[in-house]
$ cat final_34.txt   # compact mmCIF, C-alpha atoms
# COMPACT_ATOMS: atom_id res chain seq x y z
CA MET Y 1 -7.65 -22.31 25.31
CA MET Y 2 -8.13 -24.13 28.62
CA ASP Y 3 -6.60 -22.69 31.78
CA ARG Y 4 -5.99 -25.10 34.66
CA PHE Y 5 -6.13 -24.38 38.37
CA ASP Y 6 -5.90 -26.55 41.43
CA ILE Y 7 -8.73 -24.72 43.19
CA VAL Y 8 -11.43 -22.48 41.71
CA ILE Y 9 -13.55 -20.47 44.15
CA ILE Y 10 -16.89 -19.21 42.85
CA GLY Y 11 -18.00 -16.11 44.75
CA GLY Y 12 -15.77 -13.27 45.92
CA GLY Y 13 -17.79 -12.07 48.91
CA LEU Y 14 -16.48 -12.26 52.46
CA THR Y 15 -16.33 -16.06 52.63
CA GLY Y 16 -14.90 -16.66 49.17
CA ALA Y 17 -12.31 -13.90 49.47
CA ALA Y 18 -11.28 -14.99 52.97
CA PHE Y 19 -10.84 -18.59 51.82
CA ALA Y 20 -8.74 -17.49 48.84
CA LEU Y 21 -6.60 -15.39 51.20
CA ALA Y 22 -6.17 -18.37 53.53
CA LEU Y 23 -4.62 -20.23 50.58
CA LYS Y 24 -2.07 -17.53 49.73
CA ASN Y 25 0.85 -19.55 51.11
CA SER Y 26 -0.43 -22.91 49.93
CA PRO Y 27 1.10 -24.95 47.10
CA TYR Y 28 -2.05 -24.52 45.03
CA ARG Y 29 -2.81 -22.32 42.05
CA VAL Y 30 -6.11 -20.62 42.89
CA ALA Y 31 -8.70 -18.72 40.87
CA LEU Y 32 -11.36 -16.48 42.43
CA VAL Y 33 -14.33 -16.10 40.08
CA GLU Y 34 -16.44 -13.03 40.85
CA PRO Y 35 -18.32 -11.13 38.12
CA ARG Y 36 -18.77 -8.02 40.31
CA PRO Y 37 -15.49 -7.20 42.12
CA PRO Y 38 -15.86 -4.79 45.04
CA GLN Y 39 -15.42 -1.08 44.46
CA ALA Y 40 -13.41 1.23 46.67
CA PRO Y 41 -15.71 2.35 49.48
CA THR Y 42 -16.93 5.89 49.95
CA GLU Y 43 -17.37 7.65 53.29
CA ASP Y 44 -21.04 6.59 53.32
CA TRP Y 45 -22.04 3.90 55.80
CA ASP Y 46 -22.92 0.40 54.59
CA ALA Y 47 -26.20 -1.01 55.94
CA ARG Y 48 -24.73 -4.52 55.62
CA ILE Y 49 -23.16 -4.83 59.05
CA TYR Y 50 -21.89 -8.04 60.65
CA ALA Y 51 -20.61 -9.11 64.04
CA TYR Y 52 -17.24 -10.86 63.91
CA SER Y 53 -15.86 -13.08 66.65
CA PRO Y 54 -12.42 -12.16 68.05
CA GLY Y 55 -11.12 -15.56 66.93
CA ASN Y 56 -12.05 -14.84 63.33
CA VAL Y 57 -10.75 -11.27 63.50
CA ASN Y 58 -7.38 -12.50 64.79
CA TRP Y 59 -7.29 -15.05 61.96
CA LEU Y 60 -8.01 -12.31 59.39
CA LYS Y 61 -5.38 -10.06 60.95
CA ALA Y 62 -2.80 -12.84 60.63
CA LEU Y 63 -3.67 -13.00 56.92
CA ALA Y 64 -3.40 -9.18 56.59
CA GLY Y 65 -7.07 -9.09 55.64
CA TRP Y 66 -8.36 -7.02 58.58
CA ALA Y 67 -6.86 -3.68 57.61
CA GLU Y 68 -7.68 -0.38 55.91
CA PRO Y 69 -10.33 0.53 54.89
CA VAL Y 70 -12.12 -1.50 57.60
CA ARG Y 71 -14.02 0.61 60.15
CA ALA Y 72 -14.62 -1.54 63.22
CA GLN Y 73 -16.05 -1.16 66.71
CA ALA Y 74 -15.22 -3.50 69.59
CA VAL Y 75 -18.15 -4.86 71.61
CA GLN Y 76 -17.27 -4.68 75.30
CA ALA Y 77 -20.60 -5.85 76.70
CA MET Y 78 -24.01 -7.22 75.72
CA ARG Y 79 -27.35 -6.49 77.34
CA ILE Y 80 -30.11 -8.97 76.49
CA PHE Y 81 -33.72 -8.50 77.60
CA GLY Y 82 -36.71 -10.83 77.56
CA ASP Y 83 -40.25 -9.63 76.98
CA GLU Y 84 -41.32 -9.83 80.64
CA GLY Y 85 -38.41 -8.75 82.79
CA GLY Y 86 -35.86 -11.45 81.99
CA ARG Y 87 -32.34 -10.13 81.58
CA LEU Y 88 -28.89 -11.48 80.67
CA ASN Y 89 -25.64 -9.49 80.74
CA PHE Y 90 -22.26 -10.35 79.24
CA ASP Y 91 -19.12 -8.30 79.92
CA ALA Y 92 -15.69 -8.86 78.40
CA LEU Y 93 -13.91 -7.85 81.62
CA GLU Y 94 -15.69 -10.59 83.59
CA THR Y 95 -14.02 -13.23 81.43
CA GLY Y 96 -10.67 -11.53 81.00
CA LEU Y 97 -11.30 -10.89 77.29
CA PRO Y 98 -10.33 -7.69 75.47
CA GLU Y 99 -13.69 -7.73 73.63
CA LEU Y 100 -16.69 -9.96 72.96
CA ALA Y 101 -16.95 -9.22 69.23
CA TRP Y 102 -16.20 -6.69 66.53
CA ILE Y 103 -18.81 -4.89 64.40
CA ALA Y 104 -17.82 -3.82 60.89
CA GLU Y 105 -19.26 -3.12 57.45
CA ASN Y 106 -19.43 -5.82 54.80
CA GLY Y 107 -18.24 -3.69 51.88
CA ARG Y 108 -15.12 -2.32 53.54
CA LEU Y 109 -13.99 -5.70 54.82
CA GLN Y 110 -14.57 -7.29 51.40
CA PHE Y 111 -12.47 -4.56 49.77
CA ALA Y 112 -9.70 -5.04 52.36
CA LEU Y 113 -9.65 -8.78 51.67
CA TRP Y 114 -9.35 -8.16 47.92
CA GLN Y 115 -6.52 -5.70 48.49
CA ALA Y 116 -4.65 -8.33 50.51
CA LEU Y 117 -5.36 -10.90 47.80
CA SER Y 118 -3.80 -8.70 45.14
CA LEU Y 119 -0.43 -9.45 46.80
CA ALA Y 120 -0.95 -13.22 46.75
CA PRO Y 121 1.19 -14.62 43.89
CA ASN Y 122 -0.79 -17.86 43.57
CA VAL Y 123 -4.29 -16.29 43.38
CA GLU Y 124 -5.81 -14.98 40.15
CA PHE Y 125 -9.01 -12.92 39.84
CA ILE Y 126 -11.46 -13.77 37.06
CA ALA Y 127 -14.22 -11.18 36.59
CA ALA Y 128 -16.70 -13.29 34.63
CA GLU Y 129 -20.09 -14.89 35.14
CA PRO Y 130 -20.03 -18.71 35.38
CA GLU Y 131 -22.40 -20.28 32.88
CA ALA Y 132 -22.05 -24.07 33.09
CA VAL Y 133 -20.07 -26.90 34.67
CA ALA Y 134 -18.90 -30.09 33.00
CA TRP Y 135 -18.39 -32.64 35.77
CA GLY Y 136 -15.43 -34.95 35.29
CA GLU Y 137 -14.00 -37.88 37.23
CA GLY Y 138 -10.74 -36.12 38.03
CA ARG Y 139 -11.19 -32.48 37.08
CA HIS Y 140 -14.27 -30.34 36.56
CA THR Y 141 -14.53 -27.78 33.76
CA LEU Y 142 -16.12 -24.40 34.36
CA HIS Y 143 -17.55 -22.52 31.37
CA LEU Y 144 -17.47 -18.74 31.84
CA ALA Y 145 -19.24 -15.95 29.98
CA GLY Y 146 -17.15 -14.77 27.06
CA GLY Y 147 -16.12 -18.25 26.02
CA GLN Y 148 -13.44 -18.91 28.62
CA TYR Y 149 -13.01 -22.42 30.03
CA ILE Y 150 -11.10 -23.29 33.19
CA GLU Y 151 -10.40 -26.65 34.80
CA ALA Y 152 -10.07 -27.35 38.51
CA ASP Y 153 -9.33 -30.24 40.83
CA LEU Y 154 -11.61 -28.56 43.39
CA LEU Y 155 -14.56 -26.25 42.81
CA VAL Y 156 -15.53 -24.25 45.89
CA GLY Y 157 -19.04 -22.82 46.13
CA ALA Y 158 -18.85 -19.60 48.14
CA ASP Y 159 -21.62 -17.92 46.18
CA GLY Y 160 -24.23 -17.36 48.86
CA ALA Y 161 -27.55 -18.76 49.98
CA SER Y 162 -28.86 -19.05 46.42
CA SER Y 163 -25.63 -20.72 45.28
CA TRP Y 164 -25.37 -21.16 41.52
CA LEU Y 165 -22.79 -23.93 41.93
CA ARG Y 166 -25.01 -25.84 44.37
CA GLN Y 167 -27.84 -25.70 41.83
CA GLN Y 168 -25.55 -26.83 39.00
CA ALA Y 169 -24.56 -29.82 41.11
CA GLY Y 170 -28.22 -30.67 41.72
CA ILE Y 171 -27.76 -30.46 45.50
CA GLY Y 172 -30.98 -29.69 47.35
CA CYS Y 173 -31.52 -27.79 50.59
CA THR Y 174 -33.64 -28.25 53.66
CA ILE Y 175 -35.29 -24.90 54.34
CA ASP Y 176 -36.91 -23.73 57.56
CA ASP Y 177 -38.79 -20.57 56.59
CA GLN Y 178 -38.88 -18.29 59.65
CA HIS Y 179 -41.67 -16.14 58.12
CA GLN Y 180 -39.58 -13.17 59.18
CA ALA Y 181 -37.32 -10.63 57.54
CA GLY Y 182 -34.36 -8.82 58.99
CA VAL Y 183 -34.92 -5.07 58.67
CA VAL Y 184 -31.56 -3.27 58.88
CA ALA Y 185 -30.44 0.36 58.98
CA ASN Y 186 -27.80 2.58 60.61
CA PHE Y 187 -28.35 5.47 63.01
CA GLU Y 188 -26.55 8.25 64.82
CA THR Y 189 -27.25 8.25 68.55
CA GLU Y 190 -27.81 11.02 71.05
CA LYS Y 191 -25.91 9.19 73.81
CA PRO Y 192 -22.60 7.27 73.54
CA HIS Y 193 -23.03 3.50 73.24
CA ARG Y 194 -19.80 2.72 75.19
CA GLY Y 195 -19.23 -0.39 73.09
CA ILE Y 196 -22.41 -2.08 74.36
CA ALA Y 197 -24.62 -4.23 72.11
CA TRP Y 198 -28.29 -4.44 73.06
CA GLN Y 199 -30.92 -7.04 72.18
CA TRP Y 200 -34.59 -7.18 73.03
CA PHE Y 201 -36.67 -10.33 72.62
CA ARG Y 202 -40.13 -8.87 72.06
CA GLN Y 203 -43.35 -10.81 71.71
CA ASP Y 204 -43.60 -9.87 68.03
CA SER Y 205 -39.93 -9.50 67.00
CA ILE Y 206 -36.26 -9.38 68.02
CA LEU Y 207 -34.43 -6.05 67.94
CA ALA Y 208 -30.65 -5.65 68.18
CA TYR Y 209 -28.53 -2.51 68.49
CA LEU Y 210 -24.94 -3.08 67.30
CA PRO Y 211 -22.34 -0.39 68.13
CA LEU Y 212 -20.40 1.27 65.32
CA PRO Y 213 -17.45 3.69 65.56
CA GLY Y 214 -18.45 7.04 67.02
CA ARG Y 215 -21.99 7.71 68.13
CA ARG Y 216 -23.49 5.32 65.61
CA ILE Y 217 -25.27 1.98 65.68
CA ALA Y 218 -26.58 -0.57 63.24
CA ILE Y 219 -29.89 -2.27 63.95
CA VAL Y 220 -31.20 -5.66 62.94
CA TRP Y 221 -34.93 -5.98 63.56
CA SER Y 222 -36.18 -9.53 62.97
CA THR Y 223 -39.74 -8.74 62.00
CA HIS Y 224 -42.71 -10.95 61.07
CA GLU Y 225 -43.22 -10.89 57.32
CA ASP Y 226 -46.64 -9.22 57.68
CA ALA Y 227 -45.06 -6.14 59.31
CA VAL Y 228 -42.09 -5.73 56.98
CA ALA Y 229 -43.78 -3.66 54.27
CA GLY Y 230 -45.05 -1.17 56.81
CA ARG Y 231 -41.61 -0.63 58.34
CA LEU Y 232 -39.98 -0.25 54.94
CA ALA Y 233 -42.61 2.34 53.94
CA GLN Y 234 -41.92 4.58 56.93
CA SER Y 235 -40.05 7.84 56.51
CA ALA Y 236 -36.62 8.13 58.12
CA ASP Y 237 -38.09 10.19 60.97
CA GLU Y 238 -40.95 7.74 61.53
CA PHE Y 239 -38.69 4.69 61.52
CA ALA Y 240 -36.10 6.34 63.77
CA ALA Y 241 -38.83 7.21 66.27
CA GLU Y 242 -40.12 3.61 66.29
CA VAL Y 243 -36.62 2.15 66.71
CA THR Y 244 -35.91 4.64 69.51
CA GLU Y 245 -39.01 3.65 71.46
CA ALA Y 246 -38.59 -0.10 70.79
CA GLY Y 247 -35.08 0.24 72.30
CA HIS Y 248 -36.49 2.00 75.38
CA ARG Y 249 -34.51 5.14 74.51
CA VAL Y 250 -31.32 3.60 75.96
CA LEU Y 251 -29.24 5.72 73.57
CA GLY Y 252 -31.56 8.72 73.45
CA ARG Y 253 -32.91 10.00 70.16
CA LEU Y 254 -31.77 8.25 66.98
CA ARG Y 255 -31.20 9.80 63.56
CA GLN Y 256 -31.31 7.46 60.58
CA ILE Y 257 -28.27 7.64 58.26
CA THR Y 258 -28.94 4.73 55.87
CA PRO Y 259 -32.30 3.66 54.39
CA GLN Y 260 -33.97 0.66 55.93
CA VAL Y 261 -33.77 -2.52 53.84
CA ALA Y 262 -34.95 -6.07 54.50
CA PHE Y 263 -33.79 -9.60 53.76
CA PRO Y 264 -35.85 -12.79 54.27
CA LEU Y 265 -34.87 -15.07 57.14
CA LYS Y 266 -34.60 -18.73 56.24
CA ILE Y 267 -32.51 -21.41 57.91
CA ARG Y 268 -30.98 -23.52 55.15
CA ARG Y 269 -28.72 -26.52 55.08
CA ALA Y 270 -27.48 -28.08 51.85
CA LYS Y 271 -28.17 -31.82 51.76
CA GLU Y 272 -24.55 -32.39 50.69
CA TRP Y 273 -21.59 -30.16 51.45
CA VAL Y 274 -18.98 -32.15 49.57
CA ARG Y 275 -18.56 -34.37 46.53
CA PRO Y 276 -15.38 -35.43 44.73
CA GLY Y 277 -13.82 -32.16 43.61
CA LEU Y 278 -16.63 -30.04 45.09
CA VAL Y 279 -17.19 -28.29 48.42
CA LEU Y 280 -19.78 -25.73 49.56
CA ILE Y 281 -18.82 -23.21 52.24
CA GLY Y 282 -20.53 -20.36 54.06
CA ASP Y 283 -24.10 -19.49 53.13
CA ALA Y 284 -23.92 -21.80 50.11
CA ALA Y 285 -23.86 -24.69 52.62
CA HIS Y 286 -25.81 -23.27 55.57
CA THR Y 287 -27.56 -20.20 56.94
CA VAL Y 288 -28.75 -19.38 60.46
CA HIS Y 289 -31.09 -16.90 62.14
CA PRO Y 290 -29.23 -13.60 62.68
CA LEU Y 291 -30.21 -13.20 66.36
CA ALA Y 292 -26.79 -14.47 67.50
CA GLY Y 293 -24.82 -12.74 64.73
CA GLN Y 294 -23.07 -15.98 63.80
CA GLY Y 295 -23.76 -16.42 60.08
CA VAL Y 296 -20.54 -14.93 58.71
CA ASN Y 297 -18.59 -16.42 61.62
CA LEU Y 298 -19.68 -19.92 60.65
CA GLY Y 299 -18.51 -19.21 57.11
CA PHE Y 300 -15.11 -18.01 58.30
CA ARG Y 301 -14.76 -21.10 60.48
CA ASP Y 302 -15.50 -23.17 57.35
CA CYS Y 303 -12.62 -21.36 55.65
CA ARG Y 304 -10.25 -21.85 58.58
CA ARG Y 305 -10.93 -25.57 58.85
CA LEU Y 306 -10.82 -26.28 55.11
CA ALA Y 307 -7.62 -24.28 54.59
CA GLU Y 308 -6.03 -26.11 57.51
CA MET Y 309 -6.96 -29.49 56.06
CA LEU Y 310 -5.58 -28.54 52.62
CA ALA Y 311 -2.31 -27.12 53.95
CA SER Y 312 -0.45 -30.40 53.53
CA GLY Y 313 -0.81 -30.29 49.73
CA GLY Y 314 -1.87 -33.15 47.51
CA ASN Y 315 -5.05 -33.39 45.47
CA PRO Y 316 -7.42 -30.75 46.96
CA GLY Y 317 -10.47 -32.49 45.48
CA ALA Y 318 -9.86 -35.90 47.09
CA ILE Y 319 -13.17 -36.99 48.58
CA GLY Y 320 -11.72 -38.53 51.73
CA ARG Y 321 -10.28 -35.25 52.95
CA LEU Y 322 -13.40 -33.32 51.95
CA GLN Y 323 -15.61 -35.76 53.84
CA ALA Y 324 -13.42 -35.38 56.92
CA TYR Y 325 -13.84 -31.61 56.63
CA SER Y 326 -17.63 -31.97 56.40
CA VAL Y 327 -17.80 -34.16 59.48
CA ARG Y 328 -15.69 -31.74 61.51
CA ARG Y 329 -17.86 -28.76 60.57
CA LEU Y 330 -21.26 -30.40 61.01
CA GLU Y 331 -21.46 -30.15 64.82
CA ASP Y 332 -20.68 -26.43 64.89
CA VAL Y 333 -23.25 -25.60 62.20
CA ALA Y 334 -25.97 -27.91 63.55
CA THR Y 335 -25.55 -26.54 67.07
CA MET Y 336 -25.84 -22.93 65.90
CA GLN Y 337 -28.86 -23.65 63.69
CA PHE Y 338 -30.60 -25.51 66.51
CA THR Y 339 -29.81 -22.81 69.07
CA THR Y 340 -30.79 -19.76 67.03
CA GLY Y 341 -33.86 -21.40 65.54
CA GLY Y 342 -34.93 -22.67 68.94
CA LEU Y 343 -34.51 -19.26 70.60
CA LYS Y 344 -36.54 -17.62 67.86
CA ARG Y 345 -39.39 -20.12 68.32
CA LEU Y 346 -39.17 -19.85 72.11
CA PHE Y 347 -39.46 -16.07 72.15
CA THR Y 348 -42.27 -15.90 69.58
CA ASN Y 349 -44.45 -18.34 71.52
CA ALA Y 350 -47.40 -16.46 73.04
CA ASP Y 351 -48.23 -19.12 75.65
CA PRO Y 352 -48.05 -17.36 79.07
CA VAL Y 353 -46.39 -20.38 80.71
CA VAL Y 354 -43.68 -20.46 78.03
CA ARG Y 355 -43.22 -16.70 78.36
CA ALA Y 356 -42.70 -17.02 82.11
CA LEU Y 357 -40.25 -19.89 81.72
CA ARG Y 358 -38.12 -18.19 79.06
CA ASN Y 359 -37.76 -15.00 81.09
CA THR Y 360 -36.97 -17.01 84.21
CA GLY Y 361 -34.36 -18.90 82.22
CA LEU Y 362 -32.62 -15.66 81.20
CA GLY Y 363 -32.50 -14.57 84.83
CA LEU Y 364 -31.18 -17.91 86.05
CA THR Y 365 -28.44 -17.92 83.40
CA ASN Y 366 -27.52 -14.36 84.35
CA GLY Y 367 -26.84 -15.54 87.90
CA GLN Y 368 -24.47 -18.34 86.87
CA ASP Y 369 -21.08 -16.79 86.17
CA TRP Y 370 -19.49 -20.11 85.16
CA LEU Y 371 -22.20 -20.68 82.54
CA LYS Y 372 -21.92 -17.17 81.15
CA GLN Y 373 -18.15 -17.49 80.90
CA ALA Y 374 -18.48 -20.81 79.08
CA LEU Y 375 -20.97 -19.29 76.62
CA MET Y 376 -18.72 -16.28 76.00
CA ARG Y 377 -15.57 -18.31 75.49
CA HIS Y 378 -17.36 -20.45 72.90
CA ALA Y 379 -18.78 -17.43 71.10
CA VAL Y 380 -15.46 -15.61 70.72
CA GLN Y 381 -13.71 -18.44 68.87
$ encode --input "final_34.txt" --output "structure tokens"
Amino acid sequence: MMDRFDIVIIGGGLTGAAFALALKNSPYRVALVEPRPPQAPTEDWDARIYAYSPGNVNWLKALAGWAEPVRAQAVQAMRIFGDEGGRLNFDALETGLPELAWIAENGRLQFALWQALSLAPNVEFIAAEPEAVAWGEGRHTLHLAGGQYIEADLLVGADGASSWLRQQAGIGCTIDDQHQAGVVANFETEKPHRGIAWQWFRQDSILAYLPLPGRRIAIVWSTHEDAVAGRLAQSADEFAAEVTEAGHRVLGRLRQITPQVAFPLKIRRAKEWVRPGLVLIGDAAHTVHPLAGQGVNLGFRDCRRLAEMLASGGNPGAIGRLQAYSVRRLEDVATMQFTTGGLKRLFTNADPVVRALRNTGLGLTNGQDWLKQALMRHAVQ
């Protein structure tokens, strides 16, 4: 038996599920292939925390995907510090915005997206592992574990940085290894965070405090690979004490509530994002340094643009439309990769002249309200 779909999305994480949800009112029959569907969340906190731009949150709300059981905290302000006195402040009120960003857990948002998808009449879940692809001139055939075969006019790779579909297509990646890992964990705080996100550019690392509901924060500590093992080996009390001091005790004592884990930091860009009947989105196409919290936002903007370009119907795998999508997304992704990678290199340079210039630059930017407002308005889209 061969089942036929217009669009088959491989990967049911945030990007894949959001893209499937964006197609719920489209004329297409859609399959979402994910061998490990999300489970209903417990009351425990998820260490996988992301920052979401207001533009993307509003888009998800319009799709009914930003709902229970999501636990989210609005970011009202950001405080950014250089390693030698430089400082940059952003406040939502200065720009007339209700918030700068939202912070929420990966698992709960993924589950909410799947709940919304269960009401989409044109989307079908397939809980199976993909095993092979037969590439055709018009349609591609996906072979799934268990002997099932499905055909699609468009295969969508939303299966992460190590994308199986990208590998099956023989598409290579350019990789800029940052020789860092992001160490993440969640904490309870002694003092209220008041919706403020904090970031410190240190000479050896970059530390961010991200506010969560209640007196809780998530941290992302971009750490040189040589120091990662030591931080992961620390007890909860030891690590909490180090994070407290590295954050200058701005929130008082911290108590760790999730174990610290680490993920390697590599900036990737697939050498091709589209082919006839094939498109890569999200981390399957590109990754960025987490210092600006824009990785998942880039993926959601991929979804928004691609869904918009497919809304008119017709063959979803037509290469002309896919190439137009790729061109429209390239500038956004390239700019973010250049900016985050450049900031990381700038703030890990030990040259005293460079250190003085980067801290001066933060201070100069902080004094230019028009520039700060322009940066904020771009970031919230």
$ residues_near_point --input "final_34.txt" --point "(-19.3, -4.4, 68.5)" --cutoff "10 Å" --atoms "all atoms listed in the file" --output "ChimeraX atom specification"
/Y:50-53,72-78,99-104,193-197,209-213,217-218
$ atom_distance --input "final_34.txt" --atom1 "CA of Ala229 in chain Y" --atom2 "CA of Ala241 in chain Y"
16.9 Å
$ atom_distance --input "final_34.txt" --atom1 "CA of Asp176 in chain Y" --atom2 "CA of Ile49 in chain Y"
23.4 Å
$ closest_atom_pairs --input "final_34.txt" --of "range 250-295 of chain Y" --to "range 311-335 of chain Y" --cutoff "10 Å" --atoms "only C-alpha atoms" --output "tab-separated table"
residue	atom	partner	partner_atom	distance
Y:Arg269	CA	Y:Ala334	CA	9.0
Y:Glu272	CA	Y:Ser326	CA	9.0
Y:Trp273	CA	Y:Ser326	CA	6.6
Y:Val274	CA	Y:Leu322	CA	6.2
Y:Arg275	CA	Y:Ile319	CA	6.3
Y:Pro276	CA	Y:Ile319	CA	4.7
Y:Gly277	CA	Y:Gly317	CA	3.9
Y:Leu278	CA	Y:Gly317	CA	6.6
Y:Val279	CA	Y:Leu322	CA	7.2
Y:Leu280	CA	Y:Ser326	CA	9.5
Y:Ile281	CA	Y:Ser326	CA	9.8
Y:Ala285	CA	Y:Val333	CA	9.6
Y:His286	CA	Y:Val333	CA	7.5
Y:Thr287	CA	Y:Val333	CA	8.7
Y:Val288	CA	Y:Val333	CA	8.5
Y:Gln294	CA	Y:Val333	CA	9.8
Y:Gly295	CA	Y:Val333	CA	9.4
$ residues_near_point --input "final_34.txt" --point "(-39.0, -3.1, 54.1)" --cutoff "12 Å" --atoms "only C-alpha atoms" --output "list of chain:residue names"
Y:Gln180, Y:Ala181, Y:Gly182, Y:Val183, Y:Val184, Y:Ala185, Y:Trp221, Y:Ser222, Y:Thr223, Y:His224, Y:Glu225, Y:Asp226, Y:Ala227, Y:Val228, Y:Ala229, Y:Gly230, Y:Arg231, Y:Leu232, Y:Ala233, Y:Gln234, Y:Ser235, Y:Phe239, Y:Pro259, Y:Gln260, Y:Val261, Y:Ala262, Y:Phe263, Y:Pro264
$ atom_distance --input "final_34.txt" --atom1 "CA of Arg249 in chain Y" --atom2 "CA of Glu105 in chain Y"
24.3 Å
$ axis_aligned_box --input "final_34.txt" --around "range 30-38 of chain Y" --padding-each-side "4 Å" --output "JSON"
{"center_x": -12.4, "center_y": -12.7, "center_z": 41.6, "size_x": 20.7, "size_y": 23.8, "size_z": 14.9}
$ closest_residue --input "final_34.txt" --among "Y:Leu113, Y:Ile219, Y:Met2, Y:Ala17" --to "Ala64 in chain Y" --atoms "all atoms listed in the file"
Y:Leu113
$ closest_residue --input "final_34.txt" --among "Y:Pro35, Y:Pro41, Y:Gly107, Y:Gly86" --to "Leu144 in chain Y" --atoms "all atoms listed in the file"
Y:Pro35
$ closest_residue --input "final_34.txt" --among "Y:Val33, Y:Ser118, Y:Trp198, Y:Asp283" --to "Leu142 in chain Y" --atoms "only C-alpha atoms"
Y:Val33
$ closest_residue --input "final_34.txt" --among "Y:Cys173, Y:Leu165, Y:Val243, Y:Val250" --to "Glu190 in chain Y" --atoms "only C-alpha atoms"
Y:Val250
$ residues_around --input "final_34.txt" --residues "Ala40 in chain Y" --least-positions-apart "6" --cutoff "9 Å" --atoms "only C-alpha atoms" --output "short mmCIF file (atom, residue, chain, number, x, y, z; two decimals) with C-alpha atoms, keeping the file's coordinate frame"
data_model
loop_
_atom_site.label_atom_id
_atom_site.label_comp_id
_atom_site.auth_asym_id
_atom_site.auth_seq_id
_atom_site.Cartn_x
_atom_site.Cartn_y
_atom_site.Cartn_z
CA PRO Y 69 -10.33 0.53 54.89
CA GLY Y 107 -18.24 -3.69 51.88
CA ARG Y 108 -15.12 -2.32 53.54
CA PHE Y 111 -12.47 -4.56 49.77
#
$ closest_residue --input "final_34.txt" --among "Y:Ala62, Y:Ala47, Y:Ile257, Y:Leu21" --to "Gln115 in chain Y" --atoms "all atoms listed in the file"
Y:Leu21
$ closest_residue --input "final_34.txt" --among "Y:Ala116, Y:Ala284, Y:Val156, Y:Val8" --to "Ile171 in chain Y" --atoms "all atoms listed in the file"
Y:Ala284
$ decode --input "final_34.txt" --residues "range 295-307 of chain Y" --atoms "N, CA and C atoms" --output "PDB file, in the first residue's frame"
ATOM      1  N   GLY Y 295      17.789  31.305  17.617  1.00  0.00           N
ATOM      2  CA  GLY Y 295      17.744  30.078  16.827  1.00  0.00           C
ATOM      3  C   GLY Y 295      16.343  29.619  16.490  1.00  0.00           C
ATOM      4  N   VAL Y 296      15.492  29.428  17.505  1.00  0.00           N
ATOM      5  CA  VAL Y 296      14.136  28.961  17.254  1.00  0.00           C
ATOM      6  C   VAL Y 296      13.316  30.026  16.533  1.00  0.00           C
ATOM      7  N   ASN Y 297      13.636  31.303  16.754  1.00  0.00           N
ATOM      8  CA  ASN Y 297      12.914  32.367  16.064  1.00  0.00           C
ATOM      9  C   ASN Y 297      13.191  32.355  14.566  1.00  0.00           C
ATOM     10  N   LEU Y 298      14.426  32.067  14.177  1.00  0.00           N
ATOM     11  CA  LEU Y 298      14.721  31.933  12.753  1.00  0.00           C
ATOM     12  C   LEU Y 298      13.911  30.790  12.153  1.00  0.00           C
ATOM     13  N   GLY Y 299      13.824  29.679  12.885  1.00  0.00           N
ATOM     14  CA  GLY Y 299      13.048  28.546  12.390  1.00  0.00           C
ATOM     15  C   GLY Y 299      11.582  28.881  12.225  1.00  0.00           C
ATOM     16  N   PHE Y 300      11.011  29.602  13.182  1.00  0.00           N
ATOM     17  CA  PHE Y 300       9.606  29.996  13.060  1.00  0.00           C
ATOM     18  C   PHE Y 300       9.405  30.972  11.907  1.00  0.00           C
ATOM     19  N   ARG Y 301      10.381  31.847  11.676  1.00  0.00           N
ATOM     20  CA  ARG Y 301      10.242  32.760  10.532  1.00  0.00           C
ATOM     21  C   ARG Y 301      10.363  32.002   9.215  1.00  0.00           C
ATOM     22  N   ASP Y 302      11.143  30.911   9.190  1.00  0.00           N
ATOM     23  CA  ASP Y 302      11.133  30.012   8.024  1.00  0.00           C
ATOM     24  C   ASP Y 302       9.713  29.504   7.790  1.00  0.00           C
ATOM     25  N   CYS Y 303       9.089  29.016   8.860  1.00  0.00           N
ATOM     26  CA  CYS Y 303       7.734  28.455   8.751  1.00  0.00           C
ATOM     27  C   CYS Y 303       6.747  29.498   8.251  1.00  0.00           C
ATOM     28  N   ARG Y 304       6.824  30.690   8.806  1.00  0.00           N
ATOM     29  CA  ARG Y 304       5.878  31.749   8.432  1.00  0.00           C
ATOM     30  C   ARG Y 304       6.003  32.083   6.954  1.00  0.00           C
ATOM     31  N   ARG Y 305       7.248  32.263   6.491  1.00  0.00           N
ATOM     32  CA  ARG Y 305       7.462  32.632   5.093  1.00  0.00           C
ATOM     33  C   ARG Y 305       7.053  31.509   4.158  1.00  0.00           C
ATOM     34  N   LEU Y 306       7.441  30.264   4.470  1.00  0.00           N
ATOM     35  CA  LEU Y 306       7.137  29.153   3.567  1.00  0.00           C
ATOM     36  C   LEU Y 306       5.630  28.908   3.507  1.00  0.00           C
ATOM     37  N   ALA Y 307       4.963  28.949   4.662  1.00  0.00           N
ATOM     38  CA  ALA Y 307       3.512  28.755   4.659  1.00  0.00           C
ATOM     39  C   ALA Y 307       2.818  29.851   3.869  1.00  0.00           C
TER      40      ALA Y 307
END
